[in-house]
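Trainee: So here's target-v2.txt (compact mmCIF, N, CA and C atoms).
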# COMPACT_ATOMS: atom_id res chain seq x y z
N MET A 153 -6.61 -32.25 -25.79
CA MET A 153 -7.10 -32.26 -27.15
C MET A 153 -7.01 -33.67 -27.70
N SER A 154 -8.13 -34.25 -28.04
CA SER A 154 -8.10 -35.58 -28.61
C SER A 154 -7.94 -35.53 -30.12
N ARG A 155 -8.51 -34.52 -30.75
CA ARG A 155 -8.38 -34.36 -32.20
C ARG A 155 -8.28 -32.87 -32.47
N ILE A 156 -7.35 -32.52 -33.33
CA ILE A 156 -7.20 -31.11 -33.67
C ILE A 156 -7.11 -30.98 -35.19
N TYR A 157 -7.79 -30.01 -35.72
CA TYR A 157 -7.79 -29.77 -37.15
C TYR A 157 -6.73 -28.73 -37.49
N LEU A 158 -6.31 -28.70 -38.75
CA LEU A 158 -5.25 -27.76 -39.15
C LEU A 158 -5.63 -26.32 -38.86
N ASP A 159 -6.89 -25.95 -39.04
CA ASP A 159 -7.31 -24.58 -38.75
C ASP A 159 -7.14 -24.25 -37.27
N GLU A 160 -7.46 -25.21 -36.39
CA GLU A 160 -7.27 -24.99 -34.96
C GLU A 160 -5.78 -24.90 -34.63
N LEU A 161 -4.99 -25.74 -35.26
CA LEU A 161 -3.54 -25.70 -35.07
C LEU A 161 -2.98 -24.38 -35.57
N ALA A 162 -3.50 -23.91 -36.69
CA ALA A 162 -3.07 -22.62 -37.25
C ALA A 162 -3.41 -21.48 -36.29
N THR A 163 -4.58 -21.55 -35.67
CA THR A 163 -4.98 -20.52 -34.70
C THR A 163 -4.00 -20.50 -33.53
N GLU A 164 -3.70 -21.68 -32.99
CA GLU A 164 -2.74 -21.78 -31.88
C GLU A 164 -1.38 -21.21 -32.27
N LEU A 165 -0.90 -21.61 -33.44
CA LEU A 165 0.41 -21.15 -33.93
C LEU A 165 0.41 -19.64 -34.12
N ALA A 166 -0.64 -19.11 -34.70
CA ALA A 166 -0.73 -17.66 -34.94
C ALA A 166 -0.70 -16.89 -33.63
N GLU A 167 -1.42 -17.39 -32.63
CA GLU A 167 -1.45 -16.70 -31.33
C GLU A 167 -0.10 -16.78 -30.62
N LYS A 168 0.53 -17.94 -30.65
CA LYS A 168 1.80 -18.13 -29.93
C LYS A 168 2.96 -17.40 -30.59
N ARG A 169 2.95 -17.28 -31.91
CA ARG A 169 4.07 -16.67 -32.63
C ARG A 169 3.77 -15.28 -33.17
N ASP A 170 2.59 -14.77 -32.83
CA ASP A 170 2.18 -13.42 -33.24
C ASP A 170 2.33 -13.24 -34.75
N ILE A 171 1.76 -14.18 -35.49
CA ILE A 171 1.72 -14.09 -36.95
C ILE A 171 0.25 -14.18 -37.37
N SER A 172 0.00 -13.90 -38.63
CA SER A 172 -1.39 -13.93 -39.10
C SER A 172 -1.88 -15.37 -39.22
N GLN A 173 -3.18 -15.51 -39.16
CA GLN A 173 -3.82 -16.82 -39.33
C GLN A 173 -3.45 -17.41 -40.70
N LYS A 174 -3.41 -16.55 -41.70
CA LYS A 174 -3.10 -16.99 -43.06
C LYS A 174 -1.66 -17.51 -43.14
N GLN A 175 -0.71 -16.80 -42.53
CA GLN A 175 0.68 -17.25 -42.53
C GLN A 175 0.82 -18.60 -41.83
N ALA A 176 0.15 -18.76 -40.71
CA ALA A 176 0.20 -20.01 -39.96
C ALA A 176 -0.39 -21.15 -40.78
N ARG A 177 -1.53 -20.90 -41.43
CA ARG A 177 -2.17 -21.92 -42.25
C ARG A 177 -1.28 -22.32 -43.42
N LEU A 178 -0.65 -21.33 -44.07
CA LEU A 178 0.26 -21.62 -45.19
C LEU A 178 1.47 -22.43 -44.72
N PHE A 179 2.01 -22.09 -43.57
CA PHE A 179 3.15 -22.84 -43.03
C PHE A 179 2.76 -24.29 -42.77
N LEU A 180 1.63 -24.50 -42.10
CA LEU A 180 1.20 -25.87 -41.78
C LEU A 180 0.89 -26.67 -43.04
N LYS A 181 0.28 -26.01 -44.02
CA LYS A 181 -0.02 -26.69 -45.28
C LYS A 181 1.28 -27.11 -45.96
N ALA A 182 2.27 -26.23 -45.98
CA ALA A 182 3.58 -26.56 -46.58
C ALA A 182 4.26 -27.69 -45.81
N LEU A 183 4.16 -27.68 -44.49
CA LEU A 183 4.75 -28.74 -43.67
C LEU A 183 4.13 -30.09 -44.01
N VAL A 184 2.81 -30.15 -44.05
CA VAL A 184 2.12 -31.40 -44.37
C VAL A 184 2.47 -31.86 -45.79
N GLU A 185 2.49 -30.95 -46.74
CA GLU A 185 2.84 -31.31 -48.12
C GLU A 185 4.27 -31.83 -48.21
N THR A 186 5.18 -31.24 -47.45
CA THR A 186 6.57 -31.69 -47.45
C THR A 186 6.68 -33.10 -46.88
N ILE A 187 5.96 -33.36 -45.81
CA ILE A 187 5.96 -34.71 -45.22
C ILE A 187 5.35 -35.71 -46.21
N GLN A 188 4.24 -35.34 -46.83
CA GLN A 188 3.61 -36.23 -47.81
C GLN A 188 4.53 -36.53 -48.98
N LYS A 189 5.24 -35.52 -49.47
CA LYS A 189 6.17 -35.71 -50.58
C LYS A 189 7.32 -36.62 -50.15
N GLY A 190 7.85 -36.40 -48.97
CA GLY A 190 8.94 -37.25 -48.47
C GLY A 190 8.51 -38.70 -48.32
N ILE A 191 7.30 -38.91 -47.83
CA ILE A 191 6.77 -40.28 -47.69
C ILE A 191 6.62 -40.90 -49.08
N GLY A 192 6.12 -40.13 -50.03
CA GLY A 192 5.95 -40.64 -51.39
C GLY A 192 7.27 -40.94 -52.07
N ASP A 193 8.26 -40.10 -51.85
CA ASP A 193 9.57 -40.28 -52.50
C ASP A 193 10.41 -41.36 -51.83
N ASP A 194 10.55 -41.29 -50.52
CA ASP A 194 11.48 -42.15 -49.80
C ASP A 194 10.83 -43.14 -48.84
N GLY A 195 9.56 -42.93 -48.53
CA GLY A 195 8.89 -43.79 -47.56
C GLY A 195 9.29 -43.50 -46.13
N LEU A 196 10.01 -42.38 -45.91
CA LEU A 196 10.52 -42.05 -44.58
C LEU A 196 10.76 -40.55 -44.46
N VAL A 197 10.29 -39.95 -43.37
CA VAL A 197 10.54 -38.54 -43.08
C VAL A 197 10.83 -38.41 -41.60
N LYS A 198 12.01 -37.84 -41.27
CA LYS A 198 12.37 -37.60 -39.88
C LYS A 198 12.27 -36.10 -39.59
N VAL A 199 11.56 -35.76 -38.52
CA VAL A 199 11.42 -34.37 -38.09
C VAL A 199 12.03 -34.29 -36.69
N LYS A 200 13.20 -33.67 -36.58
CA LYS A 200 13.90 -33.58 -35.30
C LYS A 200 13.01 -32.90 -34.27
N GLY A 201 12.91 -33.51 -33.10
CA GLY A 201 12.08 -32.98 -32.03
C GLY A 201 10.64 -33.45 -32.07
N LEU A 202 10.22 -34.01 -33.21
CA LEU A 202 8.85 -34.51 -33.34
C LEU A 202 8.86 -36.03 -33.48
N GLY A 203 9.47 -36.53 -34.54
CA GLY A 203 9.53 -37.97 -34.73
C GLY A 203 9.71 -38.36 -36.18
N THR A 204 9.49 -39.64 -36.45
CA THR A 204 9.69 -40.20 -37.78
C THR A 204 8.38 -40.74 -38.32
N PHE A 205 8.07 -40.35 -39.54
CA PHE A 205 6.94 -40.90 -40.28
C PHE A 205 7.53 -41.89 -41.27
N LYS A 206 7.01 -43.12 -41.30
CA LYS A 206 7.54 -44.07 -42.27
C LYS A 206 6.47 -45.06 -42.70
N LEU A 207 6.66 -45.58 -43.93
CA LEU A 207 5.76 -46.58 -44.46
C LEU A 207 6.21 -47.95 -43.99
N ILE A 208 5.25 -48.75 -43.57
CA ILE A 208 5.54 -50.11 -43.11
C ILE A 208 4.74 -51.07 -43.98
N ASP A 209 5.41 -52.14 -44.45
CA ASP A 209 4.72 -53.15 -45.25
C ASP A 209 3.96 -54.09 -44.34
N ILE A 210 2.70 -54.32 -44.68
CA ILE A 210 1.85 -55.26 -43.95
C ILE A 210 1.63 -56.46 -44.86
N ASP A 211 1.96 -57.65 -44.37
CA ASP A 211 1.81 -58.87 -45.17
C ASP A 211 0.34 -59.24 -45.34
N ALA A 212 0.07 -59.96 -46.42
CA ALA A 212 -1.28 -60.48 -46.63
C ALA A 212 -1.59 -61.47 -45.51
N ARG A 213 -2.88 -61.54 -45.15
CA ARG A 213 -3.25 -62.47 -44.08
C ARG A 213 -4.67 -62.96 -44.30
N GLU A 214 -4.97 -64.07 -43.64
CA GLU A 214 -6.30 -64.64 -43.73
C GLU A 214 -7.12 -64.16 -42.56
N SER A 215 -8.40 -63.91 -42.81
CA SER A 215 -9.30 -63.45 -41.76
C SER A 215 -10.67 -64.09 -41.98
N VAL A 216 -11.62 -63.73 -41.16
CA VAL A 216 -12.98 -64.25 -41.28
C VAL A 216 -13.93 -63.06 -41.42
N SER A 217 -14.81 -63.14 -42.41
CA SER A 217 -15.81 -62.09 -42.62
C SER A 217 -16.81 -62.12 -41.47
N VAL A 218 -17.01 -60.99 -40.83
CA VAL A 218 -17.97 -60.94 -39.71
C VAL A 218 -19.40 -61.09 -40.19
N ASN A 219 -19.66 -60.78 -41.44
CA ASN A 219 -21.02 -60.87 -41.98
C ASN A 219 -21.40 -62.29 -42.38
N THR A 220 -20.47 -63.00 -43.02
CA THR A 220 -20.79 -64.32 -43.56
C THR A 220 -20.11 -65.47 -42.83
N GLY A 221 -19.06 -65.20 -42.10
CA GLY A 221 -18.31 -66.26 -41.43
C GLY A 221 -17.33 -66.96 -42.35
N GLU A 222 -17.27 -66.54 -43.60
CA GLU A 222 -16.36 -67.16 -44.57
C GLU A 222 -14.94 -66.64 -44.38
N ARG A 223 -13.98 -67.48 -44.75
CA ARG A 223 -12.59 -67.07 -44.70
C ARG A 223 -12.31 -66.16 -45.91
N VAL A 224 -11.59 -65.08 -45.65
CA VAL A 224 -11.22 -64.14 -46.72
C VAL A 224 -9.74 -63.80 -46.59
N MET A 225 -9.14 -63.45 -47.72
CA MET A 225 -7.74 -63.02 -47.71
C MET A 225 -7.71 -61.49 -47.72
N ILE A 226 -6.97 -60.93 -46.81
CA ILE A 226 -6.75 -59.49 -46.78
C ILE A 226 -5.41 -59.26 -47.47
N GLU A 227 -5.43 -58.49 -48.54
CA GLU A 227 -4.22 -58.26 -49.31
C GLU A 227 -3.17 -57.52 -48.50
N GLY A 228 -1.93 -57.76 -48.85
CA GLY A 228 -0.83 -57.00 -48.25
C GLY A 228 -0.93 -55.54 -48.65
N HIS A 229 -0.48 -54.67 -47.81
CA HIS A 229 -0.55 -53.24 -48.09
C HIS A 229 0.49 -52.50 -47.26
N GLN A 230 0.54 -51.22 -47.42
CA GLN A 230 1.43 -50.39 -46.62
C GLN A 230 0.59 -49.53 -45.69
N LYS A 231 1.17 -49.20 -44.53
CA LYS A 231 0.52 -48.26 -43.64
C LYS A 231 1.56 -47.25 -43.16
N LEU A 232 1.08 -46.10 -42.78
CA LEU A 232 1.94 -45.04 -42.29
C LEU A 232 2.06 -45.17 -40.78
N ALA A 233 3.30 -45.19 -40.30
CA ALA A 233 3.55 -45.28 -38.86
C ALA A 233 4.27 -44.02 -38.42
N PHE A 234 4.05 -43.65 -37.17
CA PHE A 234 4.74 -42.51 -36.57
C PHE A 234 5.47 -43.00 -35.34
N ILE A 235 6.77 -42.75 -35.28
CA ILE A 235 7.58 -43.10 -34.12
C ILE A 235 8.07 -41.79 -33.51
N PRO A 236 7.63 -41.47 -32.30
CA PRO A 236 8.01 -40.18 -31.72
C PRO A 236 9.51 -40.09 -31.44
N ASP A 237 10.05 -38.89 -31.57
CA ASP A 237 11.43 -38.59 -31.22
C ASP A 237 11.60 -38.79 -29.72
N ALA A 238 12.82 -39.05 -29.28
CA ALA A 238 13.10 -39.28 -27.85
C ALA A 238 12.58 -38.14 -26.98
N ALA A 239 12.76 -36.90 -27.43
CA ALA A 239 12.30 -35.75 -26.65
C ALA A 239 10.78 -35.73 -26.54
N MET A 240 10.08 -36.08 -27.62
CA MET A 240 8.62 -36.13 -27.60
C MET A 240 8.14 -37.28 -26.70
N LYS A 241 8.82 -38.42 -26.80
CA LYS A 241 8.45 -39.57 -25.97
C LYS A 241 8.62 -39.24 -24.49
N GLU A 242 9.71 -38.55 -24.16
CA GLU A 242 9.98 -38.14 -22.77
C GLU A 242 8.89 -37.20 -22.28
N LEU A 243 8.49 -36.25 -23.12
CA LEU A 243 7.44 -35.29 -22.75
C LEU A 243 6.12 -36.01 -22.47
N VAL A 244 5.78 -36.98 -23.29
CA VAL A 244 4.52 -37.72 -23.13
C VAL A 244 4.57 -38.61 -21.90
N ASN A 245 5.72 -39.24 -21.65
CA ASN A 245 5.82 -40.21 -20.55
C ASN A 245 6.17 -39.60 -19.20
N ARG A 246 6.55 -38.34 -19.15
CA ARG A 246 6.96 -37.70 -17.91
C ARG A 246 5.94 -37.83 -16.77
N PRO A 247 4.64 -37.66 -17.03
CA PRO A 247 3.67 -37.78 -15.92
C PRO A 247 3.62 -39.17 -15.29
N PHE A 248 4.14 -40.18 -16.00
CA PHE A 248 4.08 -41.56 -15.51
C PHE A 248 5.42 -42.06 -15.01
N SER A 249 6.41 -41.19 -14.93
CA SER A 249 7.78 -41.60 -14.59
C SER A 249 7.92 -42.11 -13.16
N MET A 250 6.97 -41.78 -12.27
CA MET A 250 7.10 -42.22 -10.88
C MET A 250 6.61 -43.65 -10.68
N PHE A 251 5.97 -44.24 -11.70
CA PHE A 251 5.49 -45.61 -11.58
C PHE A 251 6.64 -46.60 -11.78
N GLU A 252 6.56 -47.73 -11.08
CA GLU A 252 7.55 -48.77 -11.22
C GLU A 252 7.00 -49.86 -12.14
N THR A 253 7.90 -50.55 -12.82
CA THR A 253 7.49 -51.66 -13.66
C THR A 253 7.17 -52.87 -12.79
N VAL A 254 6.06 -53.50 -13.08
CA VAL A 254 5.63 -54.70 -12.35
C VAL A 254 5.47 -55.82 -13.35
N ILE A 255 6.12 -56.95 -13.12
CA ILE A 255 6.01 -58.09 -14.01
C ILE A 255 4.87 -58.97 -13.53
N LEU A 256 3.92 -59.26 -14.39
CA LEU A 256 2.76 -60.07 -14.08
C LEU A 256 2.93 -61.48 -14.62
N ASN A 257 2.33 -62.46 -13.95
CA ASN A 257 2.32 -63.85 -14.41
C ASN A 257 3.72 -64.38 -14.70
N LYS A 258 4.58 -64.29 -13.74
CA LYS A 258 5.95 -64.73 -13.93
C LYS A 258 6.08 -66.21 -13.94
Could you render the structure as structure tokens?
Mentor:
Amino acid sequence: MSRIYLDELATELAEKRDISQKQARLFLKALVETIQKGIGDDGLVKVKGLGTFKLIDIDARESVSVNTGERVMIEGHQKLAFIPDAAMKELVNRPFSMFETVILNK
């Protein structure tokens, strides 16, 4: 799955937990709202077994407009970052665990 919508996630949850589609949708909506509120209040939300959502400050920087070639300033802003929990990272990386690290251009 490259992209999944909440309704599709609700369908999966409903089937796996034998609950109604409506209950699953309400649960997921509440989960997302709770994460959004936590980000708004504290700038950080940790979900054990999943990971951490946090706001990161991005400094202002200079760039070049692709349309005009002129230099432009991109204002500083915040972005939302997700850092997976160790268990989630292990699950994602498990298929690649047999590979060895190779140092290039030493």
Trainee: Using Å and a single decimal, report how far CA of Asn257 (chain A) sits from atom C of Lys241 (chain A).
Mentor: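 Separation between atom C of Lys241 (chain A) and CA of Asn257 (chain A): 27.3 Å.
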Trainee: With distances taken over only C-alpha atoms, which of A:Thr163, A:Lys200, A:Lys174, A:Gln188 is nearest to Met240 (chain A)?
Mentor: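 Among A:Thr163, A:Lys200, A:Lys174, A:Gln188, it is A:Lys200 that comes nearest to Met240 (chain A).
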Trainee: What's the 8 Å shell around Phe234 (chain A), counting only N, CA and C atoms, without same-chain residues fewer than 3 positions away, as a ChimeraX atom specification?
Mentor: /A:202-207,231,237
Trainee: Any idea what's packed within 8 Å of Leu161 (chain A), counting all atoms listed in the file, ignoring anything in its chain fewer than 6 positions away? Could you give it as a ChimeraX atom specification?
Mentor: /A:167,176-177,180
Trainee: Could you find all residues in chain A that DSSP calls alpha helix (DSSP H) from the backbone, and write them as a count of residues only?
Mentor: 42
Trainee: Which residue out of A:Thr253, A:Val218, A:Glu164, A:Ile208 has the minimum interatomic distance to Leu232 (chain A) when all atoms listed in the file are used?
Mentor: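 Of the candidates, the smallest distance to Leu232 (chain A) is held by A:Ile208.
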Trainee: Compile the contact shell of Gly228 (chain A) as a PyMOL selection string: residues with an atom at most 7 Å away, counting all atoms listed in the file, same-chain residues fewer than 5 positions apart removed.
Mentor: chain A and resi 209-213
Trainee: One decimal, Å: what's the distance from CA of Gln175 (chain A) over to CA of Asp159 (chain A), could you say?
Mentor: 11.5 Å
Trainee: Enclose all atoms of region 215-232 of chain A listed in the file in an axis-aligned box, grow every side by 8 Å, and hand back centre and edge lengths in Å to one decimal, as JSON.
Mentor:
{"center_x": -9.7, "center_y": -56.3, "center_z": -44.5, "size_x": 39.5, "size_y": 38.4, "size_z": 25.6}
Trainee: Could you tell me how far CA of Leu183 (chain A) lies from CA of Pro247 (chain A), in Å and to one decimal?
Mentor: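 About the pair CA of Leu183 (chain A) and CA of Pro247 (chain A): they are 29.2 Å apart.
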Trainee: For the structure I just gave you, how does DSSP split region 217-257 of chain A - specifically, which residues are strand (DSSP E)? Reply as a ChimeraX atom specification.
Mentor: /A:223-226,229-236
Trainee: Since we have the selection now, will you write its residues out, keeping N, CA and C atoms, as a PDB file, in the frame of the given file?
Mentor:
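Written output follows (result_36.pdb):
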ATOM      1  N   ARG A 223     -13.980 -67.480 -44.750  1.00  0.00           N
ATOM      2  CA  ARG A 223     -12.590 -67.070 -44.700  1.00  0.00           C
ATOM      3  C   ARG A 223     -12.310 -66.160 -45.910  1.00  0.00           C
ATOM      4  N   VAL A 224     -11.590 -65.080 -45.650  1.00  0.00           N
ATOM      5  CA  VAL A 224     -11.220 -64.140 -46.720  1.00  0.00           C
ATOM      6  C   VAL A 224      -9.740 -63.800 -46.590  1.00  0.00           C
ATOM      7  N   MET A 225      -9.140 -63.450 -47.720  1.00  0.00           N
ATOM      8  CA  MET A 225      -7.740 -63.020 -47.710  1.00  0.00           C
ATOM      9  C   MET A 225      -7.710 -61.490 -47.720  1.00  0.00           C
ATOM     10  N   ILE A 226      -6.970 -60.930 -46.810  1.00  0.00           N
ATOM     11  CA  ILE A 226      -6.750 -59.490 -46.780  1.00  0.00           C
ATOM     12  C   ILE A 226      -5.410 -59.260 -47.470  1.00  0.00           C
ATOM     13  N   HIS A 229      -0.480 -54.670 -47.810  1.00  0.00           N
ATOM     14  CA  HIS A 229      -0.550 -53.240 -48.090  1.00  0.00           C
ATOM     15  C   HIS A 229       0.490 -52.500 -47.260  1.00  0.00           C
ATOM     16  N   GLN A 230       0.540 -51.220 -47.420  1.00  0.00           N
ATOM     17  CA  GLN A 230       1.430 -50.390 -46.620  1.00  0.00           C
ATOM     18  C   GLN A 230       0.590 -49.530 -45.690  1.00  0.00           C
ATOM     19  N   LYS A 231       1.170 -49.200 -44.530  1.00  0.00           N
ATOM     20  CA  LYS A 231       0.520 -48.260 -43.640  1.00  0.00           C
ATOM     21  C   LYS A 231       1.560 -47.250 -43.160  1.00  0.00           C
ATOM     22  N   LEU A 232       1.080 -46.100 -42.780  1.00  0.00           N
ATOM     23  CA  LEU A 232       1.940 -45.040 -42.290  1.00  0.00           C
ATOM     24  C   LEU A 232       2.060 -45.170 -40.780  1.00  0.00           C
ATOM     25  N   ALA A 233       3.300 -45.190 -40.300  1.00  0.00           N
ATOM     26  CA  ALA A 233       3.550 -45.280 -38.860  1.00  0.00           C
ATOM     27  C   ALA A 233       4.270 -44.020 -38.420  1.00  0.00           C
ATOM     28  N   PHE A 234       4.050 -43.650 -37.170  1.00  0.00           N
ATOM     29  CA  PHE A 234       4.740 -42.510 -36.570  1.00  0.00           C
ATOM     30  C   PHE A 234       5.470 -43.000 -35.340  1.00  0.00           C
ATOM     31  N   ILE A 235       6.770 -42.750 -35.280  1.00  0.00           N
ATOM     32  CA  ILE A 235       7.580 -43.100 -34.120  1.00  0.00           C
ATOM     33  C   ILE A 235       8.070 -41.790 -33.510  1.00  0.00           C
ATOM     34  N   PRO A 236       7.630 -41.470 -32.300  1.00  0.00           N
ATOM     35  CA  PRO A 236       8.010 -40.180 -31.720  1.00  0.00           C
ATOM     36  C   PRO A 236       9.510 -40.090 -31.440  1.00  0.00           C
TER      37      PRO A 236
END
Trainee: Output requested as a short mmCIF file (atom, residue, chain, number, x, y, z; two decimals), in the coordinates of the input - region 154-177 of chain A, filled out with N, CA, C and O atoms.
Mentor:
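Resulting contents of out04.cif:
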data_model
loop_
_atom_site.label_atom_id
_atom_site.label_comp_id
_atom_site.auth_asym_id
_atom_site.auth_seq_id
_atom_site.Cartn_x
_atom_site.Cartn_y
_atom_site.Cartn_z
N SER A 154 -8.13 -34.25 -28.04
CA SER A 154 -8.10 -35.58 -28.61
C SER A 154 -7.94 -35.53 -30.12
O SER A 154 -7.30 -36.37 -30.71
N ARG A 155 -8.51 -34.52 -30.75
CA ARG A 155 -8.38 -34.36 -32.20
C ARG A 155 -8.28 -32.87 -32.47
O ARG A 155 -9.03 -32.08 -31.92
N ILE A 156 -7.35 -32.52 -33.33
CA ILE A 156 -7.20 -31.11 -33.67
C ILE A 156 -7.11 -30.98 -35.19
O ILE A 156 -6.47 -31.80 -35.84
N TYR A 157 -7.79 -30.01 -35.72
CA TYR A 157 -7.79 -29.77 -37.15
C TYR A 157 -6.73 -28.73 -37.49
O TYR A 157 -6.30 -27.96 -36.62
N LEU A 158 -6.31 -28.70 -38.75
CA LEU A 158 -5.25 -27.76 -39.15
C LEU A 158 -5.63 -26.32 -38.86
O LEU A 158 -4.78 -25.53 -38.47
N ASP A 159 -6.89 -25.95 -39.04
CA ASP A 159 -7.31 -24.58 -38.75
C ASP A 159 -7.14 -24.25 -37.27
O ASP A 159 -6.72 -23.14 -36.92
N GLU A 160 -7.46 -25.21 -36.39
CA GLU A 160 -7.27 -24.99 -34.96
C GLU A 160 -5.78 -24.90 -34.63
O GLU A 160 -5.37 -24.06 -33.82
N LEU A 161 -4.99 -25.74 -35.26
CA LEU A 161 -3.54 -25.70 -35.07
C LEU A 161 -2.98 -24.38 -35.57
O LEU A 161 -2.11 -23.78 -34.93
N ALA A 162 -3.50 -23.91 -36.69
CA ALA A 162 -3.07 -22.62 -37.25
C ALA A 162 -3.41 -21.48 -36.29
O ALA A 162 -2.61 -20.55 -36.10
N THR A 163 -4.58 -21.55 -35.67
CA THR A 163 -4.98 -20.52 -34.70
C THR A 163 -4.00 -20.50 -33.53
O THR A 163 -3.55 -19.44 -33.10
N GLU A 164 -3.70 -21.68 -32.99
CA GLU A 164 -2.74 -21.78 -31.88
C GLU A 164 -1.38 -21.21 -32.27
O GLU A 164 -0.77 -20.45 -31.52
N LEU A 165 -0.90 -21.61 -33.44
CA LEU A 165 0.41 -21.15 -33.93
C LEU A 165 0.41 -19.64 -34.12
O LEU A 165 1.36 -18.96 -33.71
N ALA A 166 -0.64 -19.11 -34.70
CA ALA A 166 -0.73 -17.66 -34.94
C ALA A 166 -0.70 -16.89 -33.63
O ALA A 166 -0.01 -15.87 -33.51
N GLU A 167 -1.42 -17.39 -32.63
CA GLU A 167 -1.45 -16.70 -31.33
C GLU A 167 -0.10 -16.78 -30.62
O GLU A 167 0.36 -15.80 -30.05
N LYS A 168 0.53 -17.94 -30.65
CA LYS A 168 1.80 -18.13 -29.93
C LYS A 168 2.96 -17.40 -30.59
O LYS A 168 3.89 -16.98 -29.91
N ARG A 169 2.95 -17.28 -31.91
CA ARG A 169 4.07 -16.67 -32.63
C ARG A 169 3.77 -15.28 -33.17
O ARG A 169 4.57 -14.70 -33.88
N ASP A 170 2.59 -14.77 -32.83
CA ASP A 170 2.18 -13.42 -33.24
C ASP A 170 2.33 -13.24 -34.75
O ASP A 170 2.96 -12.29 -35.22
N ILE A 171 1.76 -14.18 -35.49
CA ILE A 171 1.72 -14.09 -36.95
C ILE A 171 0.25 -14.18 -37.37
O ILE A 171 -0.62 -14.50 -36.56
N SER A 172 0.00 -13.90 -38.63
CA SER A 172 -1.39 -13.93 -39.10
C SER A 172 -1.88 -15.37 -39.22
O SER A 172 -1.09 -16.31 -39.38
N GLN A 173 -3.18 -15.51 -39.16
CA GLN A 173 -3.82 -16.82 -39.33
C GLN A 173 -3.45 -17.41 -40.70
O GLN A 173 -3.20 -18.60 -40.83
N LYS A 174 -3.41 -16.55 -41.70
CA LYS A 174 -3.10 -16.99 -43.06
C LYS A 174 -1.66 -17.51 -43.14
O LYS A 174 -1.42 -18.56 -43.75
N GLN A 175 -0.71 -16.80 -42.53
CA GLN A 175 0.68 -17.25 -42.53
C GLN A 175 0.82 -18.60 -41.83
O GLN A 175 1.53 -19.49 -42.32
N ALA A 176 0.15 -18.76 -40.71
CA ALA A 176 0.20 -20.01 -39.96
C ALA A 176 -0.39 -21.15 -40.78
O ALA A 176 0.17 -22.24 -40.84
N ARG A 177 -1.53 -20.90 -41.43
CA ARG A 177 -2.17 -21.92 -42.25
C ARG A 177 -1.28 -22.32 -43.42
O ARG A 177 -1.13 -23.51 -43.73
#
